[in-house]
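Here the structure comes first, spelled out in C-alpha cells, and everything after it is commentary.
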Amino acid sequence: MTSPVTTRSDPARTAPALSAGLVIAILLVAANLRATLTGVGTLLPSIEQDTGLTASASGVLNTVPLLMFAVTSPFVGRASHRFGTTRLLVIALAVLAAATVLRSLPSLVFLFAGTVILSAAIAVGNVLLPTMIRTHVPGPKAHTVNALYVTAMGLVAAVSSGISVPLAKVLPGGWRSALAWGVVIALAALVAWLPRLREARPDDGGRPRGKHARTPWGSWLAWQVSFFMGLQSLVFYTAIAWLPSILADQGMSTAAGGWTLFFYQVVGLVTGMALPLLTRGRHDQRFTAAAASVVVAVGFVVLLLVPALALVACTLLGLGTGACLVLALSFQSQRASGPGETTALAGMAQSIGYLVAATGPMLLGVLHEVTGSWTGALLLLIALSLLMAGTGYGAGRDRLVSARTPS
C-alpha cells in the first residue's frame, strides 16, 4: 500500500464570513444525526412487550444503523458530485423526515424498513457535514464549528434518550409516537437548508465537471484517519451499550448506573466544547490524539482494577472519548486538500469506521457470555484504546491526503 500524502500548503480558504444563520443550519443537521436513534434503546422493553420482538431481533434493530452507515457512506461522494452537496443534503433531510414517520407506523415491517431508510439518510448527513464545514466555514473557525456540531449532536442524543419514555406515556400511540418525535428536528433542518438551494449548483465541491474526488484507498494516512474514527466509535458505542451492565455486575444499582452513564456523556460533551480552546491554531495534533486515547485506556484500567472508583473511571472515559470524537471528525476535513476530497475521505472513514464500531457491542457481549465476567471485555477495550493511540498519532500528523481524481 502506498502512502500518498502531501505537506500542508493550505491556501487561503475562500469561505464567506461565518453567519449565525449558517451555524444554526449546520447545528440543526448535527442534531438529526443521532436523535432518531438514541431513544430506541429506552423504548425497547415497550416495543418487545407490544410486538413480541425477541431479544436477538432487538439486537439487530440496534445494529442496523451502524451497518447502514458503513454501507451507505462510500456512495455519498459520487452522489454529491452528481447532485451537489447542498441538494443532496436537502434530499437526505426530506428522506429522514419521511422515514421517521414510516418507522412509527403499526407494523414490524415498517419499524425495520423505516430504520434502514432513516439510517441511510443519516449516513449522508454524517459524510456531508464535514464537507459543508470545509466549504462554508472560514479556516480558523472550522475547529470551533466542528466542536459545536459534535456538542449539538451529543446533547440532542442525550435529550432523546431521556424524553422518549415520558413521551410514550403521555402521547396517543405510545412508543410509536415517541419514535416519531424526531421528525420535528428533521423538518426544522429542512426548512433551514431549503433557501440555500437557490445558490447551490450541480457540483458545489469545487471540481471540474466530469471529475470527482476518488476515495483514497491507497493512502496510509487515510486508513489511519479511518481506523481512528472506527476505534473511537467502537469505544463510545460499546460504553453506551454495556457500561450500565458492567457497573451493575460490580454492585452498582441500575438507577445509579444510568446516572453514571449520563455523567460520562456530559463529561464528553464538555470536553468536546473545550478542546478547540486548547488546540486553537494547531495543525499538528499527534500528541493530543494519542494522549486522549491513553486517557481512555486508563479509564478502563481503573474500571477493571478499582471498581469503587467507577466515577473516576467514567470521568477519564468521558474526557478521552469526548476529545477523540471531535478529533476524529475534524481529521476528515483537516487531512483533505479540498471539499471534494473531504467528502471522499469522510465517506471512507465513516464506512470503515462504522464497520469497526458495529463489531464492538456484539463482540463484548459474546466475551461476557463465554467467560461469565467483564474482565476479558475490559482487557480488550484497554488494548483497543492503546491501538487507537497509535492510529490517532498517525492521523494527527500535519499532512494532507494527496488529491487524485479519475480522468
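Identifiers in this document derive from the order of the C-alpha cells: chains are assigned A, B, ..., residues are numbered from 1 separately in each chain, and ligands are numbered from 1 in order of occurrence.
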
Using only C-alpha atoms, which protein or nucleic acid residues come within 12 Å of Ser107 in chain A? Drop anything in the same chain fewer than 4 positions from it, and give the result as a ChimeraX atom specification. /A:47,50-53,102-103,111-114,176

For the residues in that selection, give me all heavy atoms as a PDB file, in the first residue's frame.
ATOM      1  N   ILE A  47     -41.435  -1.863  23.184  1.00  0.00           N
ATOM      2  CA  ILE A  47     -41.554  -2.401  21.826  1.00  0.00           C
ATOM      3  C   ILE A  47     -41.639  -3.928  21.867  1.00  0.00           C
ATOM      4  O   ILE A  47     -42.487  -4.539  21.196  1.00  0.00           O
ATOM      5  CB  ILE A  47     -40.357  -1.950  20.967  1.00  0.00           C
ATOM      6  CG1 ILE A  47     -40.376  -0.431  20.781  1.00  0.00           C
ATOM      7  CG2 ILE A  47     -40.381  -2.641  19.605  1.00  0.00           C
ATOM      8  CD1 ILE A  47     -39.144   0.119  20.081  1.00  0.00           C
ATOM      9  N   ASP A  50     -45.024  -5.077  23.309  1.00  0.00           N
ATOM     10  CA  ASP A  50     -46.172  -4.799  22.452  1.00  0.00           C
ATOM     11  C   ASP A  50     -46.168  -5.631  21.174  1.00  0.00           C
ATOM     12  O   ASP A  50     -47.225  -6.001  20.661  1.00  0.00           O
ATOM     13  CB  ASP A  50     -46.185  -3.309  22.108  1.00  0.00           C
ATOM     14  CG  ASP A  50     -47.457  -2.893  21.386  1.00  0.00           C
ATOM     15  OD1 ASP A  50     -48.516  -3.435  21.715  1.00  0.00           O
ATOM     16  OD2 ASP A  50     -47.364  -2.030  20.486  1.00  0.00           O
ATOM     17  N   THR A  51     -44.973  -5.909  20.629  1.00  0.00           N
ATOM     18  CA  THR A  51     -44.880  -6.568  19.317  1.00  0.00           C
ATOM     19  C   THR A  51     -44.433  -8.026  19.393  1.00  0.00           C
ATOM     20  O   THR A  51     -44.517  -8.742  18.392  1.00  0.00           O
ATOM     21  CB  THR A  51     -43.898  -5.815  18.406  1.00  0.00           C
ATOM     22  OG1 THR A  51     -42.579  -5.903  18.966  1.00  0.00           O
ATOM     23  CG2 THR A  51     -44.301  -4.355  18.267  1.00  0.00           C
ATOM     24  N   GLY A  52     -43.909  -8.456  20.539  1.00  0.00           N
ATOM     25  CA  GLY A  52     -43.362  -9.796  20.632  1.00  0.00           C
ATOM     26  C   GLY A  52     -41.981  -9.921  20.036  1.00  0.00           C
ATOM     27  O   GLY A  52     -41.493 -11.036  19.782  1.00  0.00           O
ATOM     28  N   LEU A  53     -41.312  -8.800  19.815  1.00  0.00           N
ATOM     29  CA  LEU A  53     -39.963  -8.796  19.259  1.00  0.00           C
ATOM     30  C   LEU A  53     -39.004  -9.517  20.205  1.00  0.00           C
ATOM     31  O   LEU A  53     -38.997  -9.266  21.409  1.00  0.00           O
ATOM     32  CB  LEU A  53     -39.497  -7.353  19.049  1.00  0.00           C
ATOM     33  CG  LEU A  53     -38.310  -7.106  18.120  1.00  0.00           C
ATOM     34  CD1 LEU A  53     -38.697  -7.432  16.687  1.00  0.00           C
ATOM     35  CD2 LEU A  53     -37.867  -5.641  18.227  1.00  0.00           C
ATOM     36  N   LEU A 102     -42.480   6.823   8.826  1.00  0.00           N
ATOM     37  CA  LEU A 102     -42.694   5.440   8.381  1.00  0.00           C
ATOM     38  C   LEU A 102     -42.384   4.452   9.492  1.00  0.00           C
ATOM     39  O   LEU A 102     -43.134   3.481   9.707  1.00  0.00           O
ATOM     40  CB  LEU A 102     -41.809   5.158   7.162  1.00  0.00           C
ATOM     41  CG  LEU A 102     -41.836   3.731   6.612  1.00  0.00           C
ATOM     42  CD1 LEU A 102     -43.191   3.415   6.002  1.00  0.00           C
ATOM     43  CD2 LEU A 102     -40.725   3.527   5.575  1.00  0.00           C
ATOM     44  N   ARG A 103     -41.297   4.686  10.225  1.00  0.00           N
ATOM     45  CA  ARG A 103     -40.875   3.767  11.287  1.00  0.00           C
ATOM     46  C   ARG A 103     -41.907   3.643  12.397  1.00  0.00           C
ATOM     47  O   ARG A 103     -41.970   2.611  13.088  1.00  0.00           O
ATOM     48  CB  ARG A 103     -39.545   4.246  11.865  1.00  0.00           C
ATOM     49  CG  ARG A 103     -38.948   3.347  12.913  1.00  0.00           C
ATOM     50  CD  ARG A 103     -37.644   3.866  13.455  1.00  0.00           C
ATOM     51  NE  ARG A 103     -37.773   5.190  14.071  1.00  0.00           N
ATOM     52  CZ  ARG A 103     -36.832   5.759  14.813  1.00  0.00           C
ATOM     53  NH1 ARG A 103     -35.686   5.137  15.011  1.00  0.00           N
ATOM     54  NH2 ARG A 103     -37.021   6.944  15.333  1.00  0.00           N
ATOM     55  N   LEU A 111     -41.282  -0.766  11.096  1.00  0.00           N
ATOM     56  CA  LEU A 111     -40.265  -0.455  12.100  1.00  0.00           C
ATOM     57  C   LEU A 111     -38.868  -0.693  11.541  1.00  0.00           C
ATOM     58  O   LEU A 111     -37.981   0.167  11.651  1.00  0.00           O
ATOM     59  CB  LEU A 111     -40.486  -1.305  13.355  1.00  0.00           C
ATOM     60  CG  LEU A 111     -39.441  -1.164  14.470  1.00  0.00           C
ATOM     61  CD1 LEU A 111     -39.453   0.243  15.042  1.00  0.00           C
ATOM     62  CD2 LEU A 111     -39.708  -2.197  15.570  1.00  0.00           C
ATOM     63  N   PHE A 112     -38.652  -1.837  10.916  1.00  0.00           N
ATOM     64  CA  PHE A 112     -37.328  -2.165  10.386  1.00  0.00           C
ATOM     65  C   PHE A 112     -37.047  -1.405   9.088  1.00  0.00           C
ATOM     66  O   PHE A 112     -35.932  -0.905   8.888  1.00  0.00           O
ATOM     67  CB  PHE A 112     -37.206  -3.669  10.169  1.00  0.00           C
ATOM     68  CG  PHE A 112     -36.877  -4.430  11.426  1.00  0.00           C
ATOM     69  CD1 PHE A 112     -37.877  -4.892  12.259  1.00  0.00           C
ATOM     70  CD2 PHE A 112     -35.553  -4.674  11.784  1.00  0.00           C
ATOM     71  CE1 PHE A 112     -37.575  -5.579  13.423  1.00  0.00           C
ATOM     72  CE2 PHE A 112     -35.242  -5.362  12.942  1.00  0.00           C
ATOM     73  CZ  PHE A 112     -36.256  -5.807  13.771  1.00  0.00           C
ATOM     74  N   ALA A 113     -38.044  -1.306   8.203  1.00  0.00           N
ATOM     75  CA  ALA A 113     -37.832  -0.588   6.941  1.00  0.00           C
ATOM     76  C   ALA A 113     -37.534   0.885   7.205  1.00  0.00           C
ATOM     77  O   ALA A 113     -36.628   1.479   6.589  1.00  0.00           O
ATOM     78  CB  ALA A 113     -39.050  -0.735   6.043  1.00  0.00           C
ATOM     79  N   GLY A 114     -38.291   1.486   8.112  1.00  0.00           N
ATOM     80  CA  GLY A 114     -38.049   2.883   8.453  1.00  0.00           C
ATOM     81  C   GLY A 114     -36.670   3.096   9.050  1.00  0.00           C
ATOM     82  O   GLY A 114     -35.991   4.084   8.745  1.00  0.00           O
ATOM     83  N   ARG A 176     -44.821   4.318  19.627  1.00  0.00           N
ATOM     84  CA  ARG A 176     -44.756   4.662  18.204  1.00  0.00           C
ATOM     85  C   ARG A 176     -44.698   6.184  18.021  1.00  0.00           C
ATOM     86  O   ARG A 176     -43.923   6.692  17.202  1.00  0.00           O
ATOM     87  CB  ARG A 176     -45.965   4.087  17.466  1.00  0.00           C
ATOM     88  CG  ARG A 176     -46.020   2.565  17.484  1.00  0.00           C
ATOM     89  CD  ARG A 176     -47.134   2.037  16.604  1.00  0.00           C
ATOM     90  NE  ARG A 176     -47.289   0.598  16.767  1.00  0.00           N
ATOM     91  CZ  ARG A 176     -46.513  -0.310  16.165  1.00  0.00           C
ATOM     92  NH1 ARG A 176     -45.560   0.098  15.359  1.00  0.00           N
ATOM     93  NH2 ARG A 176     -46.705  -1.603  16.372  1.00  0.00           N
TER      94      ARG A 176
END

Neighbour list for Val90 in chain A as a PDB file with all heavy atoms, in the first residue's frame, cut-off 9 Å, only C-alpha atoms, skip fewer than 5 positions in-chain:
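Saved as result-v1.pdb:
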ATOM      1  N   THR A  85     -23.596  19.137  -3.148  1.00  0.00           N
ATOM      2  CA  THR A  85     -23.624  18.840  -1.717  1.00  0.00           C
ATOM      3  C   THR A  85     -24.900  19.355  -1.054  1.00  0.00           C
ATOM      4  O   THR A  85     -25.554  18.633  -0.295  1.00  0.00           O
ATOM      5  CB  THR A  85     -22.392  19.461  -1.028  1.00  0.00           C
ATOM      6  OG1 THR A  85     -21.209  18.967  -1.657  1.00  0.00           O
ATOM      7  CG2 THR A  85     -22.357  19.105   0.446  1.00  0.00           C
ATOM      8  N   VAL A  95     -35.842  12.728   3.164  1.00  0.00           N
ATOM      9  CA  VAL A  95     -35.984  11.275   3.332  1.00  0.00           C
ATOM     10  C   VAL A  95     -35.987  10.910   4.812  1.00  0.00           C
ATOM     11  O   VAL A  95     -36.759  10.041   5.260  1.00  0.00           O
ATOM     12  CB  VAL A  95     -34.846  10.541   2.589  1.00  0.00           C
ATOM     13  CG1 VAL A  95     -34.840   9.054   2.937  1.00  0.00           C
ATOM     14  CG2 VAL A  95     -34.989  10.725   1.083  1.00  0.00           C
ATOM     15  N   ALA A 189     -34.504  21.344  10.231  1.00  0.00           N
ATOM     16  CA  ALA A 189     -33.279  21.393   9.433  1.00  0.00           C
ATOM     17  C   ALA A 189     -33.597  21.572   7.954  1.00  0.00           C
ATOM     18  O   ALA A 189     -32.916  22.315   7.231  1.00  0.00           O
ATOM     19  CB  ALA A 189     -32.461  20.123   9.654  1.00  0.00           C
ATOM     20  N   LEU A 190     -34.644  20.897   7.503  1.00  0.00           N
ATOM     21  CA  LEU A 190     -35.039  21.010   6.096  1.00  0.00           C
ATOM     22  C   LEU A 190     -35.432  22.455   5.762  1.00  0.00           C
ATOM     23  O   LEU A 190     -35.036  22.997   4.719  1.00  0.00           O
ATOM     24  CB  LEU A 190     -36.209  20.068   5.821  1.00  0.00           C
ATOM     25  CG  LEU A 190     -36.674  19.913   4.371  1.00  0.00           C
ATOM     26  CD1 LEU A 190     -35.552  19.391   3.498  1.00  0.00           C
ATOM     27  CD2 LEU A 190     -37.884  18.974   4.302  1.00  0.00           C
ATOM     28  N   TRP A 193     -32.330  24.634   5.366  1.00  0.00           N
ATOM     29  CA  TRP A 193     -31.467  24.412   4.203  1.00  0.00           C
ATOM     30  C   TRP A 193     -32.158  24.643   2.872  1.00  0.00           C
ATOM     31  O   TRP A 193     -31.491  24.879   1.862  1.00  0.00           O
ATOM     32  CB  TRP A 193     -30.892  22.997   4.243  1.00  0.00           C
ATOM     33  CG  TRP A 193     -29.727  22.902   5.192  1.00  0.00           C
ATOM     34  CD1 TRP A 193     -29.755  22.464   6.475  1.00  0.00           C
ATOM     35  CD2 TRP A 193     -28.383  23.307   4.927  1.00  0.00           C
ATOM     36  NE1 TRP A 193     -28.508  22.576   7.042  1.00  0.00           N
ATOM     37  CE2 TRP A 193     -27.640  23.083   6.115  1.00  0.00           C
ATOM     38  CE3 TRP A 193     -27.727  23.830   3.816  1.00  0.00           C
ATOM     39  CZ2 TRP A 193     -26.280  23.360   6.210  1.00  0.00           C
ATOM     40  CZ3 TRP A 193     -26.380  24.111   3.905  1.00  0.00           C
ATOM     41  CH2 TRP A 193     -25.668  23.880   5.089  1.00  0.00           C
ATOM     42  N   LEU A 194     -33.478  24.594   2.829  1.00  0.00           N
ATOM     43  CA  LEU A 194     -34.176  24.790   1.553  1.00  0.00           C
ATOM     44  C   LEU A 194     -33.832  26.122   0.882  1.00  0.00           C
ATOM     45  O   LEU A 194     -33.611  26.157  -0.343  1.00  0.00           O
ATOM     46  CB  LEU A 194     -35.697  24.680   1.764  1.00  0.00           C
ATOM     47  CG  LEU A 194     -36.270  23.260   1.745  1.00  0.00           C
ATOM     48  CD1 LEU A 194     -37.746  23.285   2.125  1.00  0.00           C
ATOM     49  CD2 LEU A 194     -36.084  22.616   0.367  1.00  0.00           C
ATOM     50  N   LEU A 197     -30.811  26.232  -1.484  1.00  0.00           N
ATOM     51  CA  LEU A 197     -30.824  25.568  -2.791  1.00  0.00           C
ATOM     52  C   LEU A 197     -30.671  26.577  -3.924  1.00  0.00           C
ATOM     53  O   LEU A 197     -30.173  26.250  -5.003  1.00  0.00           O
ATOM     54  CB  LEU A 197     -32.136  24.796  -2.976  1.00  0.00           C
ATOM     55  CG  LEU A 197     -32.256  23.453  -2.260  1.00  0.00           C
ATOM     56  CD1 LEU A 197     -33.636  22.871  -2.476  1.00  0.00           C
ATOM     57  CD2 LEU A 197     -31.182  22.488  -2.749  1.00  0.00           C
TER      58      LEU A 197
END

Helix (DSSP H, G or I) positions in range 122-337 of chain A, given as a VMD selection string: chain A and resid 122 to 136 139 to 170 175 to 180 183 to 199 220 to 249 254 to 279 286 to 305 307 to 334

Counting only C-alpha atoms, what is within 8 Å of range 221-227 of chain A, bar same-chain residues fewer than 6 positions away, as a tab-separated table (two decimals) with all heavy atoms, in the first residue's frame?
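This is the output file part-v1.tsv:
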chain	number	residue	atom	x	y	z
A	3	SER	N	1.55	5.42	0.28
A	3	SER	CA	1.12	6.40	1.27
A	3	SER	C	1.17	7.79	0.68
A	3	SER	O	2.06	8.58	0.97
A	3	SER	CB	2.02	6.31	2.50
A	3	SER	OG	1.64	7.24	3.47
A	4	PRO	N	0.22	8.13	-0.21
A	4	PRO	CA	0.25	9.42	-0.85
A	4	PRO	C	-0.19	10.53	0.09
A	4	PRO	O	-1.36	10.71	0.36
A	4	PRO	CB	-0.76	9.27	-2.01
A	4	PRO	CG	-1.69	8.21	-1.56
A	4	PRO	CD	-0.92	7.31	-0.65
A	5	VAL	N	0.75	11.29	0.62
A	5	VAL	CA	0.42	12.42	1.46
A	5	VAL	C	1.21	13.62	0.98
A	5	VAL	O	2.24	13.48	0.32
A	5	VAL	CB	0.74	12.15	2.95
A	5	VAL	CG1	-0.07	11.00	3.48
A	5	VAL	CG2	2.23	11.88	3.15
A	328	ALA	N	-11.61	12.96	15.61
A	328	ALA	CA	-11.91	12.03	14.52
A	328	ALA	C	-12.72	12.71	13.42
A	328	ALA	O	-12.48	12.50	12.23
A	328	ALA	CB	-12.67	10.82	15.06
A	331	PHE	N	-10.44	15.47	11.63
A	331	PHE	CA	-9.43	14.94	10.72
A	331	PHE	C	-10.00	14.70	9.33
A	331	PHE	O	-9.28	14.78	8.33
A	331	PHE	CB	-8.86	13.62	11.26
A	331	PHE	CG	-8.00	13.77	12.48
A	331	PHE	CD1	-7.75	12.67	13.30
A	331	PHE	CD2	-7.44	14.99	12.83
A	331	PHE	CE1	-6.95	12.79	14.42
A	331	PHE	CE2	-6.64	15.12	13.95
A	331	PHE	CZ	-6.40	14.02	14.75
A	332	GLN	N	-11.31	14.41	9.23
A	332	GLN	CA	-11.90	14.10	7.94
A	332	GLN	C	-11.91	15.31	7.01
A	332	GLN	O	-11.97	15.15	5.78
A	332	GLN	CB	-13.32	13.56	8.14
A	332	GLN	CG	-13.33	12.21	8.84
A	332	GLN	CD	-14.71	11.78	9.27
A	332	GLN	OE1	-15.71	12.06	8.62
A	332	GLN	NE2	-14.78	11.10	10.40
A	345	LEU	N	-12.82	11.41	1.66
A	345	LEU	CA	-12.16	10.90	2.86
A	345	LEU	C	-13.18	10.59	3.95
A	345	LEU	O	-13.08	9.57	4.63
A	345	LEU	CB	-11.14	11.93	3.37
A	345	LEU	CG	-10.39	11.55	4.65
A	345	LEU	CD1	-9.65	10.22	4.49
A	345	LEU	CD2	-9.42	12.66	5.05
A	348	MET	N	-14.91	7.31	3.19
A	348	MET	CA	-14.06	6.17	3.52
A	348	MET	C	-13.96	5.99	5.03
A	348	MET	O	-14.12	4.87	5.56
A	348	MET	CB	-12.67	6.37	2.93
A	348	MET	CG	-11.67	5.31	3.34
A	348	MET	SD	-10.03	5.61	2.61
A	348	MET	CE	-9.05	4.36	3.46
A	349	ALA	N	-13.70	7.08	5.75
A	349	ALA	CA	-13.51	7.00	7.20
A	349	ALA	C	-14.76	6.48	7.90
A	349	ALA	O	-14.67	5.69	8.84
A	349	ALA	CB	-13.11	8.37	7.75
A	350	GLN	N	-15.92	6.92	7.44
A	350	GLN	CA	-17.14	6.51	8.12
A	350	GLN	C	-17.59	5.12	7.69
A	350	GLN	O	-18.21	4.39	8.48
A	350	GLN	CB	-18.22	7.56	7.90
A	350	GLN	CG	-17.81	8.88	8.54
A	350	GLN	CD	-18.92	9.88	8.64
A	350	GLN	OE1	-20.07	9.52	8.83
A	350	GLN	NE2	-18.57	11.16	8.55
A	352	ILE	N	-15.43	2.55	6.85
A	352	ILE	CA	-14.56	1.66	7.63
A	352	ILE	C	-14.85	1.81	9.12
A	352	ILE	O	-14.93	0.82	9.86
A	352	ILE	CB	-13.08	1.99	7.34
A	352	ILE	CG1	-12.76	1.79	5.86
A	352	ILE	CG2	-12.16	1.15	8.22
A	352	ILE	CD1	-12.95	0.38	5.37
A	353	GLY	N	-15.02	3.05	9.55
A	353	GLY	CA	-15.20	3.32	10.98
A	353	GLY	C	-16.42	2.64	11.55
A	353	GLY	O	-16.35	1.99	12.61
A	356	VAL	N	-16.10	-1.13	11.83
A	356	VAL	CA	-15.33	-1.45	13.05
A	356	VAL	C	-16.21	-1.29	14.28
A	356	VAL	O	-16.26	-2.15	15.16
A	356	VAL	CB	-14.07	-0.57	13.15
A	356	VAL	CG1	-13.38	-0.76	14.50
A	356	VAL	CG2	-13.10	-0.88	12.02
A	388	MET	N	-5.80	2.65	19.38
A	388	MET	CA	-6.36	3.94	18.95
A	388	MET	C	-5.34	5.06	19.13
A	388	MET	O	-5.27	5.98	18.32
A	388	MET	CB	-7.63	4.24	19.75
A	388	MET	CG	-8.32	5.53	19.38
A	388	MET	SD	-9.99	5.67	20.06
A	388	MET	CE	-9.64	5.75	21.83
A	391	THR	N	-3.07	4.91	16.05
A	391	THR	CA	-3.71	5.42	14.84
A	391	THR	C	-3.97	6.93	14.94
A	391	THR	O	-3.87	7.66	13.96
A	391	THR	CB	-5.01	4.68	14.54
A	391	THR	OG1	-5.92	4.85	15.65
A	391	THR	CG2	-4.77	3.20	14.32
A	392	GLY	N	-4.29	7.39	16.16
A	392	GLY	CA	-4.50	8.81	16.36
A	392	GLY	C	-3.23	9.61	16.16
A	392	GLY	O	-3.26	10.73	15.61
A	394	GLY	N	-0.84	8.84	14.12
A	394	GLY	CA	-0.64	8.92	12.67
A	394	GLY	C	-1.61	9.87	12.01
A	394	GLY	O	-1.24	10.70	11.17
A	395	ALA	N	-2.89	9.79	12.39
A	395	ALA	CA	-3.91	10.63	11.77
A	395	ALA	C	-3.73	12.10	12.15
A	395	ALA	O	-4.17	12.99	11.40
A	395	ALA	CB	-5.30	10.17	12.20
A	401	VAL	N	-3.89	14.16	2.65
A	401	VAL	CA	-4.02	13.07	1.68
A	401	VAL	C	-3.97	13.71	0.30
A	401	VAL	O	-4.69	14.66	0.02
A	401	VAL	CB	-5.35	12.32	1.87
A	401	VAL	CG1	-5.53	11.27	0.78
A	401	VAL	CG2	-5.39	11.67	3.25

Hey, what's within 8 Å of Ala180 in chain A if we count only C-alpha atoms and toss same-chain stuff fewer than 5 positions away? As number ranges by chain, please? A: 36, 100-101, 103-104

Write a file of the just-selected residues containing all heavy atoms, as a CSV table (one decimal), in the first residue's frame.
chain,number,residue,atom,x,y,z
A,36,THR,N,-32.9,10.4,16.2
A,36,THR,CA,-33.9,9.3,15.9
A,36,THR,C,-33.4,7.9,16.3
A,36,THR,O,-34.1,7.0,16.2
A,36,THR,CB,-34.2,9.3,14.4
A,36,THR,OG1,-33.0,9.3,13.7
A,36,THR,CG2,-35.0,10.6,14.1
A,100,THR,N,-38.7,8.7,9.3
A,100,THR,CA,-39.0,8.7,10.8
A,100,THR,C,-40.5,8.5,11.0
A,100,THR,O,-40.9,7.7,12.0
A,100,THR,CB,-38.6,10.1,11.3
A,100,THR,OG1,-37.2,10.3,11.1
A,100,THR,CG2,-38.9,10.2,12.8
A,101,VAL,N,-41.4,9.0,10.2
A,101,VAL,CA,-42.8,8.7,10.3
A,101,VAL,C,-43.1,7.3,9.9
A,101,VAL,O,-43.9,6.6,10.6
A,101,VAL,CB,-43.6,9.7,9.4
A,101,VAL,CG1,-45.1,9.4,9.4
A,101,VAL,CG2,-43.4,11.2,9.9
A,103,ARG,N,-41.3,4.7,10.2
A,103,ARG,CA,-40.9,3.8,11.3
A,103,ARG,C,-41.9,3.6,12.4
A,103,ARG,O,-42.0,2.6,13.1
A,103,ARG,CB,-39.5,4.2,11.9
A,103,ARG,CG,-38.9,3.3,12.9
A,103,ARG,CD,-37.6,3.9,13.5
A,103,ARG,NE,-37.8,5.2,14.1
A,103,ARG,CZ,-36.8,5.8,14.8
A,103,ARG,NH1,-35.7,5.1,15.0
A,103,ARG,NH2,-37.0,6.9,15.3
A,104,SER,N,-42.7,4.7,12.6
A,104,SER,CA,-43.7,4.7,13.7
A,104,SER,C,-45.0,4.0,13.3
A,104,SER,O,-45.9,3.9,14.2
A,104,SER,CB,-43.9,6.1,14.2
A,104,SER,OG,-44.6,6.9,13.2

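Residues in contact with Val312 in chain A at 10 Å, where only C-alpha atoms are counted and same-chain residues fewer than 3 positions away are skipped, are listed as A:Tyr264, A:Gly299, A:Val302, A:Leu303, A:Val306, A:Pro307, A:Ala308, A:Leu309, A:Thr315, A:Leu316, A:Leu317, A:Gly318.
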
Write the residues of the preceding selection, restricted to C-alpha atoms, as a PDB file, in the first residue's frame.
ATOM      1  CA  TYR A 264     -19.984  10.042  31.280  1.00  0.00           C
ATOM      2  CA  GLY A 299     -10.250   4.838  32.412  1.00  0.00           C
ATOM      3  CA  VAL A 302      -9.462   1.931  36.701  1.00  0.00           C
ATOM      4  CA  LEU A 303     -12.838   0.355  35.946  1.00  0.00           C
ATOM      5  CA  VAL A 306     -10.661  -0.401  41.219  1.00  0.00           C
ATOM      6  CA  PRO A 307     -14.427  -0.731  40.714  1.00  0.00           C
ATOM      7  CA  ALA A 308     -15.071   1.511  43.718  1.00  0.00           C
ATOM      8  CA  LEU A 309     -13.668   4.407  41.674  1.00  0.00           C
ATOM      9  CA  THR A 315     -14.639  10.875  34.153  1.00  0.00           C
ATOM     10  CA  LEU A 316     -11.496   9.658  32.398  1.00  0.00           C
ATOM     11  CA  LEU A 317     -13.556   7.866  29.751  1.00  0.00           C
ATOM     12  CA  GLY A 318     -15.614  10.994  29.137  1.00  0.00           C
TER      13      GLY A 318
END

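The spacing separating CA of Gly320 in chain A from CA of Gly268 in chain A amounts to 7.5 Å.
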
Write out as a PyMOL selection string each polymer residue whose atoms come within 9 Å of range 269-276 of chain A, counting only C-alpha atoms; drop sequence neighbours fewer than 2 positions from it. chain A and resi 143-144+146-148+150-152+154-155+264-267+278-281+318-327

Write out as a PDB file with C-alpha atoms, in the first residue's frame which residues come within 8 Å of Leu89 in chain A when counting only C-alpha atoms, dropping same-chain ones fewer than 5 positions away.
ATOM      1  CA  VAL A 124     -25.432  11.027   4.101  1.00  0.00           C
ATOM      2  CA  GLY A 125     -25.507  13.777   6.718  1.00  0.00           C
ATOM      3  CA  LEU A 128     -21.566  15.702   4.064  1.00  0.00           C
TER       4      LEU A 128
END
